[in-house]
Amino acid sequence: MKYVEEFRNPELARRLVRAIHQIEGGPWTIMEVCGGQTHGLVRAGIPELLRGKVRLIHGPGCPVCVTPVAMIDRAIALACRPDVTLCSFGDMLRVPGSRSSLLHARSRGADVRIVYSPLDAARLAERLPEREIVFFAVGFETTAPATALAVQYASARGLENFSVLCCHVLVLPAMEMLLQAKNCSIQAFLAAGHVCTVTGYEGYHDLARRYRVPIVVTGFEPLDLLEGIWLACRMLHGQVYEVRNQYRRSVRRGGNPAAWQRAMTVYEVCDRVWRGLGRIERSGLRLRDEYRRYDAEAKFTFDGESGAEDPRCRAGEVLQGALRPDECEAFGKECTPEHPLGAPMVSAEGACAAYWQYGRRPRAVRG
Ligand code: SF4
C-alpha cells in the first residue's frame, strides 16, 4: 500500500535501531503521547529493540480512555431515554461506566448507533425529526473540528433535535501537567502527529524550552516512530530542548488553520476532568454561548450521582506512564477485552489493549 509499506521497511528499521543504540548516553525515558503511537510501537516490538537505550512510556493520548466515568454515565442515561438516539464512535460502546456500558444499554433496548463522523449524526437528526439525536463527542484536537462542523451544519439547517455531549480535550495542557508531577521521569516526548496536523506545533516550543524536554512531532508507522525516537535521542545527547517535526508528510508548522479556526468559532476553552488524571485547567473544549442550544448537558437534566470507577483499575497510573499495563495486577486476569475493568483495555488506542493484542499477556492466559 503506497505511503504505508515504505514506512515499514525492515532494513531501514534495523538501521535506525542501530543508529539509536550508537548515540552516546542514555538510557533515556521517552513518552509517546498518543495511543495510536503506543499501538504502533508495541505491535512492532520497538520497546524490546531499544531496551537498555530508551525506556518508552505510554502517555494519556487515548481519547476514549480519558473520558470521565461521569460522562459515560451521562451518555448511558441519555441513551436510556425513550426519545433519544445516542450516536457514538464504535470504541466508546464497550467502555465501562460506573455501573454499565453503552453496549449493555443497547442490549437492553436503548437506541445506540455507531457513526463514522459527527456529520452522520447531524444528518440523522435531519432524517428523524421526531427523535432527539445526541452525538457523544470525544477526542482531541484531531476530531474536534469535525464535531464543530456538525454543530454548524445543524445550526445552518435550524435542527432543534440535535445536540452534542461534548468531551473534547486538548493535549498540550495534559503534557504540561505530566511534566509538573513530582516524580516525573519524562525526558522527551513524541508528540501526536495527527493532533499537530490540525493545530501545528508552534505551541510546543515554549513547553520544550521551559521544561527542558525535546519534543518530536511523530507519525505512527514503525519508521516514523524510530526516526522520532532517533531525533529525540540526538537532542537529548546534545542537550537541545527544541521541537522537531518528523511527520512532515502530514504536519505543517501552522497546522491546518481552516480546520482549527472553524473549531474555535464553535468552542471555547474550559477546565476539564480527565479520567485517571483529574481536573486539568484549560484542557477542554465546550460549546460557545451562541451554540449552547446544541449542548446536551444544557438541554437535558440528569438525575442521580455518577458512581465511581472500579477500584481495581489502575488506568490513571497507566495514562501517566507510571505503570506498564502488564504491571497492573488485574491485567489478563479480572481485566480482559471481554470483561474490561477500565477503558484502556477496550479502546482501539488503549495501552492495555495494545499489550493484550500484541502478546504481552500473562503466560497463563496467552492465547
Ligand atoms: S489492565 Fe485493566 S484494570 Fe489494569 S489498568 Fe488496564 S484497564 Fe485498568
# chains A, B, ... in the order shown; residues from 1 in each chain; ligands from 1

$ residues_near_ligand --ligand "ligand 1" --cutoff "7 Å" --atoms "only C-alpha atoms and all ligand atoms" --output "list in words"
Arg312, Cys313, Arg314, Ala315, Val318, Pro325, Asp326, Cys328, Glu329, Ala330, Phe331, Gly332, Cys335, Thr336, Pro340, Leu341, Gly342, Ala343, Pro344, Met345 and Cys352 of chain A

$ closest_atom_pairs --of "segment 125-178 of chain A" --to "segment 244-263 of chain A" --cutoff "7 Å" --atoms "only C-alpha atoms" --output "CSV"
residue,atom,partner,partner_atom,distance
A:Ala144,CA,A:Ala263,CA,6.4
A:Pro145,CA,A:Ala263,CA,4.6
A:Ala148,CA,A:Ala263,CA,5.3

$ write_last_selection --atoms "N, CA, C and O atoms" --output "PDB file, in the first residue's frame"
ATOM      1  N   ALA A 144     -12.091  17.368  17.044  1.00  0.00           N
ATOM      2  CA  ALA A 144     -12.949  18.500  17.435  1.00  0.00           C
ATOM      3  C   ALA A 144     -13.482  19.287  16.222  1.00  0.00           C
ATOM      4  O   ALA A 144     -14.659  19.683  16.217  1.00  0.00           O
ATOM      5  N   PRO A 145     -12.672  19.529  15.170  1.00  0.00           N
ATOM      6  CA  PRO A 145     -13.229  20.289  14.036  1.00  0.00           C
ATOM      7  C   PRO A 145     -14.417  19.581  13.376  1.00  0.00           C
ATOM      8  O   PRO A 145     -15.351  20.240  12.921  1.00  0.00           O
ATOM      9  N   ALA A 148     -17.393  20.289  15.369  1.00  0.00           N
ATOM     10  CA  ALA A 148     -17.781  21.699  15.140  1.00  0.00           C
ATOM     11  C   ALA A 148     -18.560  21.824  13.832  1.00  0.00           C
ATOM     12  O   ALA A 148     -19.575  22.540  13.754  1.00  0.00           O
TER      13      ALA A 148
END

$ select_by_dssp --residues "segment 85-245 of chain A" --states "alpha helix (DSSP H)" --output "JSON, numbers by chain"
{"A": [102, 103, 104, 105, 106, 107, 118, 119, 120, 121, 122, 123, 124, 125, 126, 127, 144, 145, 146, 147, 148, 149, 150, 151, 152, 153, 154, 155, 156, 171, 172, 173, 174, 175, 176, 177, 178, 179, 180, 193, 194, 195, 196, 197, 198, 199, 202, 203, 204, 205, 206, 207, 208, 209, 210, 211, 222, 223, 224, 225, 226, 227, 228, 229, 230, 231, 232, 233, 234, 235, 236, 237, 238]}

$ closest_residue --among "A:Met92, A:Cys166, A:Ile280, A:Ala296" --to "Glu268 of chain A" --atoms "only C-alpha atoms"
A:Cys166

$ residues_around --residues "Ala298 of chain A" --least-positions-apart "6" --cutoff "10 Å" --atoms "only C-alpha atoms" --output "MDAnalysis selection string"
chainID A and resid 163:165 292

$ write_last_selection --atoms "N, CA, C and O atoms" --output "PDB file, in the first residue's frame"
ATOM      1  N   SER A 163     -27.970  17.460  19.362  1.00  0.00           N
ATOM      2  CA  SER A 163     -27.099  18.040  20.397  1.00  0.00           C
ATOM      3  C   SER A 163     -25.863  17.175  20.559  1.00  0.00           C
ATOM      4  O   SER A 163     -25.770  16.066  20.022  1.00  0.00           O
ATOM      5  N   VAL A 164     -24.910  17.724  21.287  1.00  0.00           N
ATOM      6  CA  VAL A 164     -23.593  17.106  21.438  1.00  0.00           C
ATOM      7  C   VAL A 164     -23.262  16.987  22.921  1.00  0.00           C
ATOM      8  O   VAL A 164     -23.378  17.971  23.653  1.00  0.00           O
ATOM      9  N   LEU A 165     -22.896  15.786  23.345  1.00  0.00           N
ATOM     10  CA  LEU A 165     -22.355  15.605  24.696  1.00  0.00           C
ATOM     11  C   LEU A 165     -20.845  15.768  24.544  1.00  0.00           C
ATOM     12  O   LEU A 165     -20.145  14.868  24.094  1.00  0.00           O
ATOM     13  N   ARG A 292     -24.923  27.124  22.437  1.00  0.00           N
ATOM     14  CA  ARG A 292     -25.270  26.386  23.674  1.00  0.00           C
ATOM     15  C   ARG A 292     -26.511  25.509  23.496  1.00  0.00           C
ATOM     16  O   ARG A 292     -26.670  24.495  24.158  1.00  0.00           O
TER      17      ARG A 292
END

$ residues_around --residues "Ala137 of chain A" --least-positions-apart "4" --cutoff "12 Å" --atoms "only C-alpha atoms" --output "number ranges by chain"
A: 63-64, 67, 71-72, 75, 86-90, 92, 115-119, 121, 141-148, 150-151, 163-169, 284-287, 294-296

$ closest_residue --among "A:Gly307, A:Leu170, A:Gln320, A:Trp28" --to "Asp271 of chain A" --atoms "only C-alpha atoms"
A:Leu170

$ closest_residue --among "A:Val243, A:Val66, A:Val195, A:Arg74" --to "Leu231 of chain A" --atoms "only C-alpha atoms"
A:Val243

$ closest_atom_pairs --of "segment 5-82 of chain A" --to "segment 204-218 of chain A" --cutoff "10 Å" --atoms "only C-alpha atoms" --output "CSV"
residue,atom,partner,partner_atom,distance
A:Ile30,CA,A:Pro214,CA,9.5
A:Met31,CA,A:Ile215,CA,9.7
A:Glu32,CA,A:Thr218,CA,8.8
A:Val33,CA,A:Thr218,CA,9.7
A:Cys34,CA,A:Thr218,CA,9.6
A:Gln37,CA,A:Thr218,CA,8.4

$ closest_residue --among "A:Glu349, A:Glu221, A:Glu24, A:Glu160" --to "Glu130 of chain A" --atoms "only C-alpha atoms"
A:Glu160

$ closest_residue --among "A:Val112, A:Val266, A:Ala125, A:Val171" --to "Thr85 of chain A" --atoms "only C-alpha atoms"
A:Val112

$ select_by_dssp --residues "segment 160-302 of chain A" --states "strand (DSSP E)" --output "NGL selection string"
:A and (162-168 or 188-192 or 215-218 or 243-245 or 267-274 or 278-287)

$ closest_atom_pairs --of "segment 154-175 of chain A" --to "segment 41-59 of chain A" --cutoff "12 Å" --atoms "only C-alpha atoms" --output "Markdown table"
| residue | atom | partner | partner_atom | distance |
| --- | --- | --- | --- | --- |
| A:Val171 | CA | A:Gly59 | CA | 10.3 |
| A:Leu172 | CA | A:Gly59 | CA | 11.9 |
| A:Ala174 | CA | A:Gly59 | CA | 9.4 |
| A:Met175 | CA | A:Gly59 | CA | 8.5 |

$ closest_residue --among "A:Ile20, A:Val346, A:Met177, A:Val198" --to "Arg279 of chain A" --atoms "only C-alpha atoms"
A:Met177

$ atom_distance --atom1 "atom CA of Ile76 of chain A" --atom2 "atom CA of Cys270 of chain A"
23.5 Å

$ decode --residues "segment 313-336 of chain A" --atoms "N, CA and C atoms" --output "PDB file, in the first residue's frame"
ATOM      1  N   CYS A 313      -8.924  -0.969  38.936  1.00  0.00           N
ATOM      2  CA  CYS A 313      -8.338  -0.444  37.697  1.00  0.00           C
ATOM      3  C   CYS A 313      -7.315   0.652  38.004  1.00  0.00           C
ATOM      4  N   ARG A 314      -6.128   0.504  37.426  1.00  0.00           N
ATOM      5  CA  ARG A 314      -5.058   1.477  37.668  1.00  0.00           C
ATOM      6  C   ARG A 314      -4.784   2.325  36.419  1.00  0.00           C
ATOM      7  N   ALA A 315      -5.877   2.613  35.697  1.00  0.00           N
ATOM      8  CA  ALA A 315      -5.749   3.338  34.428  1.00  0.00           C
ATOM      9  C   ALA A 315      -5.073   4.696  34.612  1.00  0.00           C
ATOM     10  N   GLY A 316      -5.329   5.346  35.752  1.00  0.00           N
ATOM     11  CA  GLY A 316      -4.718   6.654  35.991  1.00  0.00           C
ATOM     12  C   GLY A 316      -3.207   6.587  35.924  1.00  0.00           C
ATOM     13  N   GLU A 317      -2.638   5.527  36.536  1.00  0.00           N
ATOM     14  CA  GLU A 317      -1.179   5.374  36.503  1.00  0.00           C
ATOM     15  C   GLU A 317      -0.687   4.994  35.112  1.00  0.00           C
ATOM     16  N   VAL A 318      -1.477   4.148  34.432  1.00  0.00           N
ATOM     17  CA  VAL A 318      -1.106   3.747  33.067  1.00  0.00           C
ATOM     18  C   VAL A 318      -1.093   4.981  32.155  1.00  0.00           C
ATOM     19  N   LEU A 319      -2.114   5.832  32.301  1.00  0.00           N
ATOM     20  CA  LEU A 319      -2.230   7.005  31.425  1.00  0.00           C
ATOM     21  C   LEU A 319      -1.158   8.054  31.705  1.00  0.00           C
ATOM     22  N   GLN A 320      -0.527   7.979  32.874  1.00  0.00           N
ATOM     23  CA  GLN A 320       0.553   8.927  33.186  1.00  0.00           C
ATOM     24  C   GLN A 320       1.925   8.309  32.933  1.00  0.00           C
ATOM     25  N   GLY A 321       1.949   7.090  32.417  1.00  0.00           N
ATOM     26  CA  GLY A 321       3.233   6.434  32.150  1.00  0.00           C
ATOM     27  C   GLY A 321       3.908   5.940  33.409  1.00  0.00           C
ATOM     28  N   ALA A 322       3.186   5.922  34.535  1.00  0.00           N
ATOM     29  CA  ALA A 322       3.791   5.496  35.796  1.00  0.00           C
ATOM     30  C   ALA A 322       3.710   3.982  35.984  1.00  0.00           C
ATOM     31  N   LEU A 323       2.897   3.316  35.187  1.00  0.00           N
ATOM     32  CA  LEU A 323       2.708   1.870  35.336  1.00  0.00           C
ATOM     33  C   LEU A 323       2.552   1.269  33.941  1.00  0.00           C
ATOM     34  N   ARG A 324       3.316   0.203  33.669  1.00  0.00           N
ATOM     35  CA  ARG A 324       3.106  -0.510  32.403  1.00  0.00           C
ATOM     36  C   ARG A 324       1.841  -1.325  32.524  1.00  0.00           C
ATOM     37  N   PRO A 325       1.043  -1.435  31.453  1.00  0.00           N
ATOM     38  CA  PRO A 325      -0.208  -2.195  31.563  1.00  0.00           C
ATOM     39  C   PRO A 325      -0.026  -3.581  32.150  1.00  0.00           C
ATOM     40  N   ASP A 326       1.048  -4.292  31.735  1.00  0.00           N
ATOM     41  CA  ASP A 326       1.212  -5.667  32.240  1.00  0.00           C
ATOM     42  C   ASP A 326       1.702  -5.700  33.683  1.00  0.00           C
ATOM     43  N   GLU A 327       1.930  -4.522  34.279  1.00  0.00           N
ATOM     44  CA  GLU A 327       2.252  -4.479  35.707  1.00  0.00           C
ATOM     45  C   GLU A 327       0.998  -4.324  36.570  1.00  0.00           C
ATOM     46  N   CYS A 328      -0.134  -4.034  35.922  1.00  0.00           N
ATOM     47  CA  CYS A 328      -1.396  -3.952  36.666  1.00  0.00           C
ATOM     48  C   CYS A 328      -1.818  -5.376  37.068  1.00  0.00           C
ATOM     49  N   GLU A 329      -2.151  -5.530  38.343  1.00  0.00           N
ATOM     50  CA  GLU A 329      -2.456  -6.885  38.827  1.00  0.00           C
ATOM     51  C   GLU A 329      -3.659  -7.514  38.132  1.00  0.00           C
ATOM     52  N   ALA A 330      -4.573  -6.678  37.659  1.00  0.00           N
ATOM     53  CA  ALA A 330      -5.779  -7.216  37.030  1.00  0.00           C
ATOM     54  C   ALA A 330      -5.574  -7.586  35.563  1.00  0.00           C
ATOM     55  N   PHE A 331      -4.461  -7.146  34.965  1.00  0.00           N
ATOM     56  CA  PHE A 331      -4.218  -7.342  33.532  1.00  0.00           C
ATOM     57  C   PHE A 331      -4.288  -8.824  33.157  1.00  0.00           C
ATOM     58  N   GLY A 332      -5.193  -9.152  32.263  1.00  0.00           N
ATOM     59  CA  GLY A 332      -5.296 -10.529  31.779  1.00  0.00           C
ATOM     60  C   GLY A 332      -5.961 -11.487  32.760  1.00  0.00           C
ATOM     61  N   LYS A 333      -6.310 -10.978  33.949  1.00  0.00           N
ATOM     62  CA  LYS A 333      -6.988 -11.843  34.928  1.00  0.00           C
ATOM     63  C   LYS A 333      -8.428 -11.344  35.037  1.00  0.00           C
ATOM     64  N   GLU A 334      -8.667 -10.429  36.012  1.00  0.00           N
ATOM     65  CA  GLU A 334     -10.037  -9.885  36.076  1.00  0.00           C
ATOM     66  C   GLU A 334     -10.324  -8.975  34.885  1.00  0.00           C
ATOM     67  N   CYS A 335      -9.274  -8.419  34.266  1.00  0.00           N
ATOM     68  CA  CYS A 335      -9.477  -7.439  33.187  1.00  0.00           C
ATOM     69  C   CYS A 335      -8.993  -7.992  31.851  1.00  0.00           C
ATOM     70  N   THR A 336      -9.924  -8.214  30.950  1.00  0.00           N
ATOM     71  CA  THR A 336      -9.617  -8.656  29.577  1.00  0.00           C
ATOM     72  C   THR A 336     -10.525  -7.858  28.635  1.00  0.00           C
TER      73      THR A 336
END
